[in-house]
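Shown next: protein_4.txt, given as compact mmCIF, C-alpha atoms.
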# COMPACT_ATOMS: atom_id res chain seq x y z
CA MET A 1 23.00 -89.61 -7.70
CA THR A 2 25.29 -91.21 -5.13
CA ASP A 3 26.50 -94.65 -6.08
CA ILE A 4 25.60 -97.53 -3.79
CA GLN A 5 28.76 -98.92 -2.21
CA LEU A 6 29.35 -102.65 -2.08
CA PRO A 7 31.63 -104.26 0.50
CA ALA A 8 34.85 -106.00 -0.48
CA VAL A 9 33.73 -109.54 -1.24
CA ALA A 10 35.15 -112.72 0.20
CA PRO A 11 36.71 -114.92 -2.48
CA GLY A 12 34.90 -117.94 -1.17
CA ALA A 13 32.83 -119.50 1.57
CA ARG A 14 33.28 -122.83 3.24
CA ILE A 15 31.80 -125.03 5.94
CA LEU A 16 33.65 -124.41 9.20
CA GLY A 17 31.77 -126.95 11.32
CA LEU A 18 29.06 -129.59 11.14
CA GLY A 19 26.68 -130.79 13.83
CA ALA A 20 23.82 -133.26 14.16
CA TYR A 21 21.07 -134.25 16.52
CA ARG A 22 19.52 -137.71 16.42
CA PRO A 23 16.35 -138.24 18.45
CA ARG A 24 16.65 -140.69 21.37
CA ARG A 25 13.98 -143.16 20.27
CA ARG A 26 15.26 -145.81 17.88
CA VAL A 27 12.52 -147.56 15.86
CA THR A 28 13.46 -150.79 14.10
CA ASN A 29 11.57 -152.45 11.27
CA ASP A 30 10.41 -155.11 13.72
CA ASP A 31 9.00 -152.32 15.90
CA LEU A 32 7.06 -151.04 12.86
CA ALA A 33 5.79 -154.54 12.11
CA GLN A 34 4.01 -154.38 15.51
CA MET A 35 2.24 -151.17 14.45
CA MET A 36 1.32 -151.82 10.82
CA ASP A 37 1.18 -154.46 8.10
CA THR A 38 4.85 -154.57 7.13
CA ASN A 39 8.01 -156.52 7.82
CA ASP A 40 11.78 -156.12 7.82
CA GLU A 41 12.30 -157.85 4.47
CA TRP A 42 9.70 -155.67 2.71
CA ILE A 43 11.16 -152.44 4.08
CA GLN A 44 14.81 -153.37 3.47
CA SER A 45 14.15 -154.46 -0.11
CA ARG A 46 12.02 -151.41 -1.02
CA VAL A 47 13.85 -148.57 0.68
CA GLY A 48 16.93 -150.04 2.39
CA ILE A 49 16.05 -148.75 5.86
CA ALA A 50 16.91 -150.89 8.91
CA GLU A 51 15.97 -148.40 11.63
CA ARG A 52 15.12 -144.75 12.08
CA ARG A 53 14.79 -142.19 14.88
CA TRP A 54 11.43 -140.82 15.96
CA ALA A 55 11.35 -137.65 18.01
CA SER A 56 9.65 -137.65 21.39
CA GLU A 57 7.36 -134.85 22.57
CA ASP A 58 10.20 -132.80 24.07
CA GLU A 59 12.41 -133.13 20.98
CA THR A 60 10.74 -130.24 19.20
CA LEU A 61 11.95 -128.68 15.95
CA VAL A 62 13.48 -125.80 17.91
CA GLU A 63 15.17 -128.08 20.48
CA MET A 64 16.65 -130.33 17.81
CA ALA A 65 17.76 -127.35 15.69
CA VAL A 66 19.42 -125.76 18.72
CA ALA A 67 21.19 -129.02 19.59
CA ALA A 68 22.55 -129.54 16.06
CA GLY A 69 23.32 -125.85 15.57
CA GLY A 70 25.20 -125.65 18.87
CA LYS A 71 27.41 -128.56 17.83
CA ALA A 72 28.14 -126.95 14.44
CA ILE A 73 29.11 -123.68 16.15
CA ALA A 74 31.33 -125.52 18.63
CA ALA A 75 32.99 -127.45 15.81
CA SER A 76 33.66 -124.21 13.90
CA GLY A 77 35.51 -122.63 16.82
CA LEU A 78 33.56 -119.40 16.32
CA ALA A 79 31.75 -117.52 19.06
CA PRO A 80 27.98 -116.97 18.66
CA ASP A 81 28.46 -113.21 18.31
CA GLN A 82 30.49 -113.77 15.13
CA ILE A 83 27.39 -115.23 13.45
CA ASP A 84 24.93 -112.89 11.75
CA LEU A 85 22.65 -115.12 9.67
CA VAL A 86 20.53 -118.11 10.69
CA ILE A 87 18.62 -120.10 8.05
CA VAL A 88 16.45 -123.01 9.11
CA ALA A 89 15.38 -125.40 6.36
CA SER A 90 12.35 -127.51 7.22
CA ALA A 91 9.32 -129.03 5.56
CA SER A 92 7.59 -130.04 8.77
CA LEU A 93 6.86 -126.72 10.48
CA ARG A 94 3.39 -127.04 11.98
CA VAL A 95 3.07 -123.38 12.99
CA PRO A 96 3.18 -120.98 10.03
CA ILE A 97 3.86 -117.87 12.13
CA PRO A 98 6.44 -117.20 13.43
CA GLY A 99 9.28 -118.94 11.65
CA ILE A 100 11.62 -120.73 14.06
CA GLY A 101 14.92 -119.28 12.78
CA PRO A 102 14.91 -116.23 15.07
CA GLN A 103 14.14 -118.39 18.13
CA VAL A 104 16.89 -120.87 17.22
CA GLY A 105 19.37 -117.99 16.86
CA HIS A 106 18.28 -116.47 20.17
CA ARG A 107 18.58 -119.77 22.01
CA LEU A 108 22.12 -120.19 20.67
CA GLY A 109 23.12 -116.75 21.92
CA ILE A 110 23.51 -115.31 18.43
CA PRO A 111 22.82 -111.59 18.76
CA ARG A 112 20.04 -110.38 16.45
CA PRO A 113 20.94 -112.41 13.35
CA GLY A 114 19.24 -112.08 10.01
CA SER A 115 16.98 -115.10 10.10
CA PHE A 116 14.31 -116.92 8.17
CA ASP A 117 12.94 -120.39 7.50
CA LEU A 118 13.27 -121.95 4.08
CA ASN A 119 10.96 -124.59 2.66
CA ALA A 120 12.31 -126.40 -0.36
CA GLY A 121 11.21 -129.83 0.86
CA CYS A 122 14.00 -132.38 1.07
CA ALA A 123 16.22 -130.04 -0.99
CA GLY A 124 16.05 -127.41 1.76
CA PHE A 125 19.51 -127.91 3.23
CA CYS A 126 21.29 -127.50 -0.11
CA TYR A 127 19.18 -124.44 -0.96
CA ALA A 128 19.97 -122.90 2.43
CA LEU A 129 23.66 -123.72 2.04
CA GLY A 130 23.67 -122.02 -1.36
CA VAL A 131 21.92 -118.93 -0.01
CA ALA A 132 24.31 -118.75 2.97
CA SER A 133 27.40 -119.16 0.80
CA ASP A 134 26.22 -116.51 -1.66
CA SER A 135 25.28 -114.16 1.17
CA ILE A 136 28.78 -114.38 2.64
CA ARG A 137 30.46 -113.97 -0.72
CA ALA A 138 28.29 -110.94 -1.52
CA GLY A 139 29.06 -109.32 1.82
CA SER A 140 25.55 -109.44 3.31
CA SER A 141 26.74 -111.63 6.16
CA ARG A 142 30.00 -112.77 7.72
CA ASN A 143 29.17 -116.18 9.16
CA ALA A 144 25.95 -118.12 8.71
CA LEU A 145 24.33 -121.00 10.55
CA VAL A 146 22.38 -123.35 8.29
CA VAL A 147 20.12 -125.92 9.95
CA GLY A 148 18.02 -128.67 8.41
CA VAL A 149 15.48 -130.00 10.91
CA GLU A 150 12.46 -132.26 10.57
CA ARG A 151 9.78 -133.98 12.60
CA LEU A 152 8.29 -135.82 9.67
CA THR A 153 6.53 -138.17 12.09
CA ASP A 154 4.21 -135.21 12.86
CA VAL A 155 3.00 -135.30 9.25
CA THR A 156 3.16 -139.06 8.64
CA ASN A 157 0.06 -141.22 8.28
CA LEU A 158 0.81 -144.44 10.16
CA GLU A 159 -1.92 -146.16 8.15
CA ASP A 160 0.03 -145.54 4.93
CA ARG A 161 2.79 -148.12 5.03
CA THR A 162 4.40 -146.79 1.83
CA THR A 163 5.42 -143.59 3.64
CA ALA A 164 5.26 -144.53 7.35
CA VAL A 165 8.25 -146.86 7.07
CA ILE A 166 10.35 -144.17 5.36
CA PHE A 167 9.92 -140.84 7.14
CA ALA A 168 11.83 -139.97 10.30
CA ASP A 169 13.10 -137.13 12.47
CA GLY A 170 16.37 -135.37 13.21
CA ALA A 171 18.48 -132.26 12.68
CA GLY A 172 21.78 -131.38 11.06
CA ALA A 173 23.62 -128.09 10.80
CA ALA A 174 26.54 -126.38 9.12
CA LEU A 175 28.37 -123.22 10.12
CA VAL A 176 29.42 -121.38 6.97
CA GLY A 177 32.07 -118.67 6.89
CA ALA A 178 34.26 -116.71 4.48
CA SER A 179 37.43 -118.29 3.16
CA GLU A 180 40.32 -117.45 0.86
CA GLU A 181 40.01 -120.80 -0.91
CA PRO A 182 36.44 -121.50 -2.10
CA GLY A 183 35.02 -124.42 -0.13
CA ILE A 184 31.47 -124.41 -1.50
CA GLY A 185 30.86 -124.59 -5.24
CA PRO A 186 28.00 -122.82 -7.00
CA ALA A 187 24.58 -124.28 -6.18
CA VAL A 188 23.01 -125.90 -9.21
CA TRP A 189 19.35 -125.68 -8.40
CA GLY A 190 16.03 -125.91 -10.13
CA SER A 191 12.50 -127.23 -9.92
CA ASP A 192 9.94 -129.25 -11.83
CA GLY A 193 6.74 -127.54 -10.76
CA ASP A 194 4.61 -129.61 -13.13
CA GLN A 195 4.95 -132.36 -10.51
CA PHE A 196 3.96 -130.04 -7.64
CA ASN A 197 1.62 -132.59 -6.10
CA ALA A 198 3.90 -135.65 -6.29
CA ILE A 199 4.81 -135.06 -2.64
CA GLU A 200 2.30 -133.01 -0.67
CA ILE A 201 0.28 -132.35 2.40
CA ALA A 202 -2.93 -131.59 0.55
CA ALA A 203 -5.08 -128.66 1.67
CA GLY A 204 -7.21 -129.83 4.60
CA SER A 205 -5.01 -132.85 5.25
CA SER A 206 -2.48 -133.14 8.05
CA THR A 207 -0.34 -135.89 6.55
CA MET A 208 1.99 -136.24 3.63
CA THR A 209 1.36 -138.34 0.55
CA MET A 210 3.93 -139.31 -2.05
CA ALA A 211 3.53 -140.66 -5.58
CA GLY A 212 6.35 -143.12 -5.04
CA GLN A 213 6.79 -144.34 -8.59
CA ALA A 214 6.72 -140.84 -10.09
CA VAL A 215 9.26 -139.51 -7.59
CA TYR A 216 11.48 -142.56 -8.00
CA ARG A 217 11.46 -142.19 -11.78
CA TRP A 218 12.21 -138.46 -11.53
CA ALA A 219 15.03 -138.96 -9.04
CA THR A 220 16.71 -141.76 -10.96
CA THR A 221 16.48 -140.22 -14.43
CA LYS A 222 16.34 -136.41 -14.19
CA LEU A 223 18.87 -135.59 -11.49
CA THR A 224 22.07 -137.12 -12.87
CA GLU A 225 22.50 -134.06 -15.09
CA THR A 226 22.23 -131.82 -12.00
CA LEU A 227 24.99 -133.77 -10.26
CA VAL A 228 27.18 -133.54 -13.35
CA ALA A 229 26.46 -129.80 -13.62
CA ALA A 230 27.33 -129.25 -9.94
CA MET A 231 30.75 -130.79 -10.56
CA GLU A 232 31.27 -128.88 -13.82
CA ARG A 233 30.28 -125.54 -12.26
CA ALA A 234 32.75 -126.16 -9.44
CA GLY A 235 35.47 -127.06 -11.93
CA VAL A 236 35.99 -130.58 -10.63
CA THR A 237 35.68 -133.98 -12.28
CA PRO A 238 34.08 -137.16 -10.90
CA ALA A 239 37.62 -138.47 -10.25
CA ASP A 240 38.16 -135.59 -7.78
CA ILE A 241 35.15 -136.51 -5.63
CA ASP A 242 35.93 -138.27 -2.34
CA VAL A 243 32.45 -138.39 -0.83
CA PHE A 244 29.00 -138.62 -2.45
CA ALA A 245 26.17 -137.63 -0.10
CA PRO A 246 22.84 -137.32 -1.88
CA HIS A 247 19.61 -136.78 0.06
CA GLN A 248 18.78 -140.00 1.87
CA ALA A 249 15.35 -140.69 0.37
CA ASN A 250 15.68 -144.34 -0.58
CA LEU A 251 18.79 -146.52 -0.65
CA ARG A 252 17.89 -147.71 -4.15
CA ILE A 253 17.99 -144.11 -5.41
CA VAL A 254 21.39 -143.62 -3.74
CA GLU A 255 22.70 -146.77 -5.47
CA SER A 256 21.17 -145.81 -8.82
CA MET A 257 22.74 -142.34 -8.75
CA THR A 258 26.10 -143.79 -7.69
CA LYS A 259 25.99 -146.21 -10.61
CA ARG A 260 24.93 -143.59 -13.13
CA LEU A 261 27.76 -141.30 -12.06
CA GLY A 262 30.23 -144.17 -12.41
CA PHE A 263 31.53 -143.81 -8.85
CA GLY A 264 33.59 -146.82 -7.81
CA GLU A 265 34.93 -148.20 -4.56
CA ASP A 266 37.21 -145.20 -4.03
CA VAL A 267 34.26 -142.86 -3.47
CA VAL A 268 32.68 -142.95 -0.01
CA VAL A 269 28.91 -143.05 -0.51
CA ALA A 270 26.58 -141.89 2.26
CA ARG A 271 24.10 -144.60 3.20
CA ASP A 272 22.91 -143.06 6.45
CA ILE A 273 19.32 -143.84 5.41
CA VAL A 274 19.95 -147.40 6.67
CA GLN A 275 20.17 -146.06 10.24
CA SER A 276 18.24 -142.80 9.97
CA GLY A 277 15.41 -143.24 7.47
CA ASN A 278 14.41 -140.27 5.33
CA THR A 279 14.83 -137.09 7.37
CA SER A 280 14.18 -134.67 4.49
CA ALA A 281 16.09 -131.39 4.93
CA ALA A 282 18.15 -132.90 7.77
CA SER A 283 19.43 -135.92 5.84
CA ILE A 284 22.56 -134.49 4.20
CA PRO A 285 24.15 -132.88 7.27
CA LEU A 286 23.19 -135.98 9.30
CA ALA A 287 24.86 -138.20 6.71
CA LEU A 288 28.00 -136.04 6.45
CA THR A 289 28.34 -135.89 10.23
CA ALA A 290 28.00 -139.68 10.48
CA LEU A 291 30.68 -140.22 7.83
CA MET A 292 33.08 -137.86 9.59
CA GLU A 293 32.43 -139.39 13.01
CA SER A 294 33.06 -142.89 11.67
CA GLY A 295 36.27 -141.76 9.98
CA GLU A 296 35.05 -142.79 6.51
CA ALA A 297 35.20 -139.13 5.46
CA LYS A 298 37.84 -136.71 6.65
CA SER A 299 38.55 -133.01 6.80
CA GLY A 300 39.50 -131.61 3.41
CA ASP A 301 37.61 -134.27 1.45
CA LEU A 302 35.68 -133.07 -1.58
CA ALA A 303 32.00 -133.98 -1.25
CA LEU A 304 29.23 -133.90 -3.85
CA VAL A 305 25.81 -133.29 -2.30
CA LEU A 306 22.32 -133.15 -3.79
CA GLY A 307 19.00 -132.40 -2.14
CA TYR A 308 15.73 -133.15 -3.93
CA GLY A 309 12.11 -133.49 -3.00
CA ALA A 310 8.73 -131.79 -2.68
CA GLY A 311 8.10 -129.06 -5.22
CA LEU A 312 9.60 -130.86 -6.97
CA THR A 313 12.85 -129.09 -6.14
CA PHE A 314 16.50 -129.96 -6.38
CA ALA A 315 19.84 -128.38 -5.53
CA GLY A 316 23.36 -129.72 -5.56
CA GLN A 317 26.87 -128.48 -4.97
CA VAL A 318 30.44 -129.53 -4.33
CA LEU A 319 31.85 -128.91 -0.83
CA VAL A 320 35.11 -129.20 1.04
CA LEU A 321 34.44 -131.01 4.33
CA PRO A 322 35.53 -129.08 7.44
CA MET B 1 10.61 -155.16 -34.20
CA SER B 2 8.82 -158.50 -33.84
CA ARG B 3 7.14 -159.67 -30.64
CA GLU B 4 9.87 -162.31 -30.28
CA ASP B 5 12.61 -159.68 -30.49
CA ILE B 6 10.78 -157.47 -28.01
CA GLN B 7 10.38 -160.42 -25.62
CA THR B 8 14.10 -161.19 -25.86
CA GLY B 9 15.03 -157.56 -25.21
CA LEU B 10 12.57 -157.30 -22.33
CA ALA B 11 13.96 -160.52 -20.80
CA GLU B 12 17.42 -158.96 -20.84
CA ILE B 13 16.07 -155.91 -19.03
CA LEU B 14 14.28 -158.09 -16.45
CA GLU B 15 17.46 -160.01 -15.77
CA GLU B 16 19.49 -156.81 -15.38
CA VAL B 17 16.95 -154.93 -13.22
CA ALA B 18 15.34 -157.67 -11.16
CA GLY B 19 17.49 -160.78 -11.56
CA VAL B 20 14.77 -162.68 -13.44
CA THR B 21 16.04 -165.75 -15.31
CA PRO B 22 15.42 -165.01 -19.03
CA ALA B 23 13.62 -168.33 -19.58
CA ASP B 24 11.06 -167.29 -16.93
CA ALA B 25 10.15 -164.04 -18.70
CA THR B 26 7.27 -165.48 -20.69
CA PRO B 27 4.18 -163.48 -21.75
CA GLU B 28 1.71 -164.98 -19.25
CA LYS B 29 3.87 -164.16 -16.21
CA SER B 30 2.69 -161.48 -13.79
CA PHE B 31 5.48 -159.09 -12.82
CA THR B 32 4.31 -158.82 -9.22
CA ASP B 33 2.93 -162.29 -8.51
CA ASP B 34 5.20 -164.54 -10.57
CA LEU B 35 8.45 -162.65 -11.01
CA ASP B 36 8.60 -160.79 -7.67
CA VAL B 37 9.14 -157.44 -9.38
CA ASP B 38 8.16 -154.60 -7.04
CA SER B 39 6.71 -151.20 -7.96
CA LEU B 40 10.06 -149.41 -7.98
CA SER B 41 11.63 -152.10 -10.17
CA MET B 42 8.71 -151.55 -12.56
CA VAL B 43 9.87 -147.93 -12.83
CA GLU B 44 13.42 -149.12 -13.55
CA ILE B 45 12.06 -151.47 -16.21
CA ALA B 46 10.12 -148.57 -17.77
CA THR B 47 13.30 -146.47 -17.83
CA ALA B 48 15.29 -149.31 -19.40
CA VAL B 49 12.53 -149.95 -21.97
CA GLU B 50 12.70 -146.30 -23.00
CA ASP B 51 16.50 -146.53 -23.38
CA LYS B 52 16.39 -149.81 -25.29
CA PHE B 53 13.26 -149.52 -27.42
CA GLY B 54 12.70 -145.74 -27.49
CA VAL B 55 9.21 -146.32 -26.08
CA ALA B 56 8.22 -144.19 -23.08
CA ILE B 57 5.83 -145.79 -20.56
CA PRO B 58 4.17 -143.04 -18.48
CA ASP B 59 3.24 -143.80 -14.85
CA ASP B 60 -0.49 -144.09 -15.60
CA GLU B 61 0.20 -146.62 -18.39
CA LEU B 62 2.67 -148.47 -16.16
CA ALA B 63 -0.15 -149.13 -13.70
CA ASN B 64 -2.00 -151.09 -16.44
CA ILE B 65 0.94 -153.30 -17.30
CA LYS B 66 0.51 -156.43 -15.20
CA THR B 67 2.16 -159.18 -17.25
CA VAL B 68 5.20 -159.57 -19.48
CA GLY B 69 2.73 -159.92 -22.37
CA ASP B 70 1.14 -156.55 -21.48
CA ALA B 71 4.57 -154.93 -21.69
CA ILE B 72 5.41 -156.60 -24.99
CA SER B 73 2.08 -155.45 -26.48
CA PHE B 74 2.59 -151.89 -25.23
CA ILE B 75 6.09 -151.71 -26.75
CA GLU B 76 4.90 -153.31 -30.00
CA LYS B 77 2.01 -150.84 -30.33
CA ASN B 78 4.05 -147.74 -29.48
CA GLN B 79 7.36 -148.41 -31.22
CA GLY B 80 8.31 -145.86 -33.86
Encoded form (structure tokens):
Amino acid sequence: MTDIQLPAVAPGARILGLGAYRPRRRVTNDDLAQMMDTNDEWIQSRVGIAERRWASEDETLVEMAVAAGGKAIAASGLAPDQIDLVIVASASLRVPIPGIGPQVGHRLGIPRPGSFDLNAGCAGFCYALGVASDSIRAGSSRNALVVGVERLTDVTNLEDRTTAVIFADGAGAALVGASEEPGIGPAVWGSDGDQFNAIEIAAGSSTMTMAGQAVYRWATTKLTETLVAAMERAGVTPADIDVFAPHQANLRIVESMTKRLGFGEDVVVARDIVQSGNTSAASIPLALTALMESGEAKSGDLALVLGYGAGLTFAGQVLVLP
Amino acid sequence: MSREDIQTGLAEILEEVAGVTPADATPEKSFTDDLDVDSLSMVEIATAVEDKFGVAIPDDELANIKTVGDAISFIEKNQG
């Protein structure tokens, strides 16, 4: 029998460029108070959100993914024909067939990429980043575009003020390529499927429900070990971390995780939720892009990221910022 | 552990988690109505109770705990 040949593997993969798309329409807490029984103080104290972006009709999942993906490609300095894998992470796809990855790749001028959509809820971006990194290191692809995109407002019940004030829209993307020095640590991922219905769009329903207390408890008690493992697997210590960018689900969860990890003033903590709300699979690249644009984070910084959400799923890794 | 000791320990948790003055954490007080403790802070209290007293309060039990006295009774009944 002839042996299967494997390509020479890249020693590492890293993010070469980041990009984001924020929908035009800015919705403040006072705007929400006109639509439902809520107020700024209630929202800020519960979830720490001051405003969020809601997509308009023309800001579709594909359009937002293309906008964010195009910026990530431009930032990487690569040409579209150097890219051969497109992964779109989203939990708000309303059309089950076809997936939007191939269309996003086509619109960006990427010739015939391997492409698929990935649904791991709010953990989707970190899952997709792990798959892209591993794919490059194994030789299945050379350069990969990873996009997290959501229109959560399409699946939000405006009558349910516990979720309507939280969920929002947007897109973020990362262009991942091979590198001599590893720039993406091993993904530490897992799931707690016993809580499968803690966040769900139930069969026959068109909107998402969330068992807020159960998810909050899970996020603040069960995920610290994942963050610690992500650092250990990457061979770094908490003292090496420059930037902490967990999924932007609730500012109180961000603060709780920061405290549990013992991160002090010297670590830049992403709090993009204050301006962006919870954008699920888009939240981490949106937050990283915001930190880099503001100058709070810089190229070469070591970032710890963690996605977590519906499933319940989680995935974290350590990254070098591009 | 006596009810008094549990109340003292619970008051410490309430001060840490929700900024409640220990003297205000008396059994008849409602977490929501009197002490301004919201639903997510209740989860943090449950987590802290488990750390401090070794008593787990599941979400469905948490929903039945309305007053400081309810919490003290739950801890007293379930402590090892």
Report task. Kindly determine which residues of chain A lie within 12 Å of chain B, considering only C-alpha atoms, and give the answer as a VMD selection string. Result -> chain A and resid 42 to 43 45 to 47 162 198 211 to 222 250 to 253 256
Query raised in the report: Got a sec: who's within 8 Å of segment 258-261 of chain A, counting all atoms listed in the file, leaving out chain neighbours fewer than 3 positions off, as a ChimeraX atom specification?
Result: /A:224,228,238,244,254-255,269
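Put simply, atom CA of Leu158 of chain A is 13.6 Å away from atom CA of Met210 of chain A.
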Query - Neighbour list for segment 308-316 of chain A as a VMD selection string, cut-off 7 Å, only C-alpha atoms, skip fewer than 5 positions in-chain - result: chain A and resid 120 to 123 126 to 127 187 to 193 195 to 196 199 to 200 226 to 227 230 247
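The spacing separating atom CA of Thr207 of chain A from atom CA of Ala91 of chain A amounts to 11.9 Å.
Nearest to Gly9 of chain B of all the residues B:Pro22, B:Gly80, B:Gly69, B:Pro27 is B:Pro22, counting all atoms listed in the file.
Among the candidates B:Ala23, B:Glu4, B:Ser30, B:Val17, the one nearest to Ile75 of chain B when counting all atoms listed in the file is B:Glu4.
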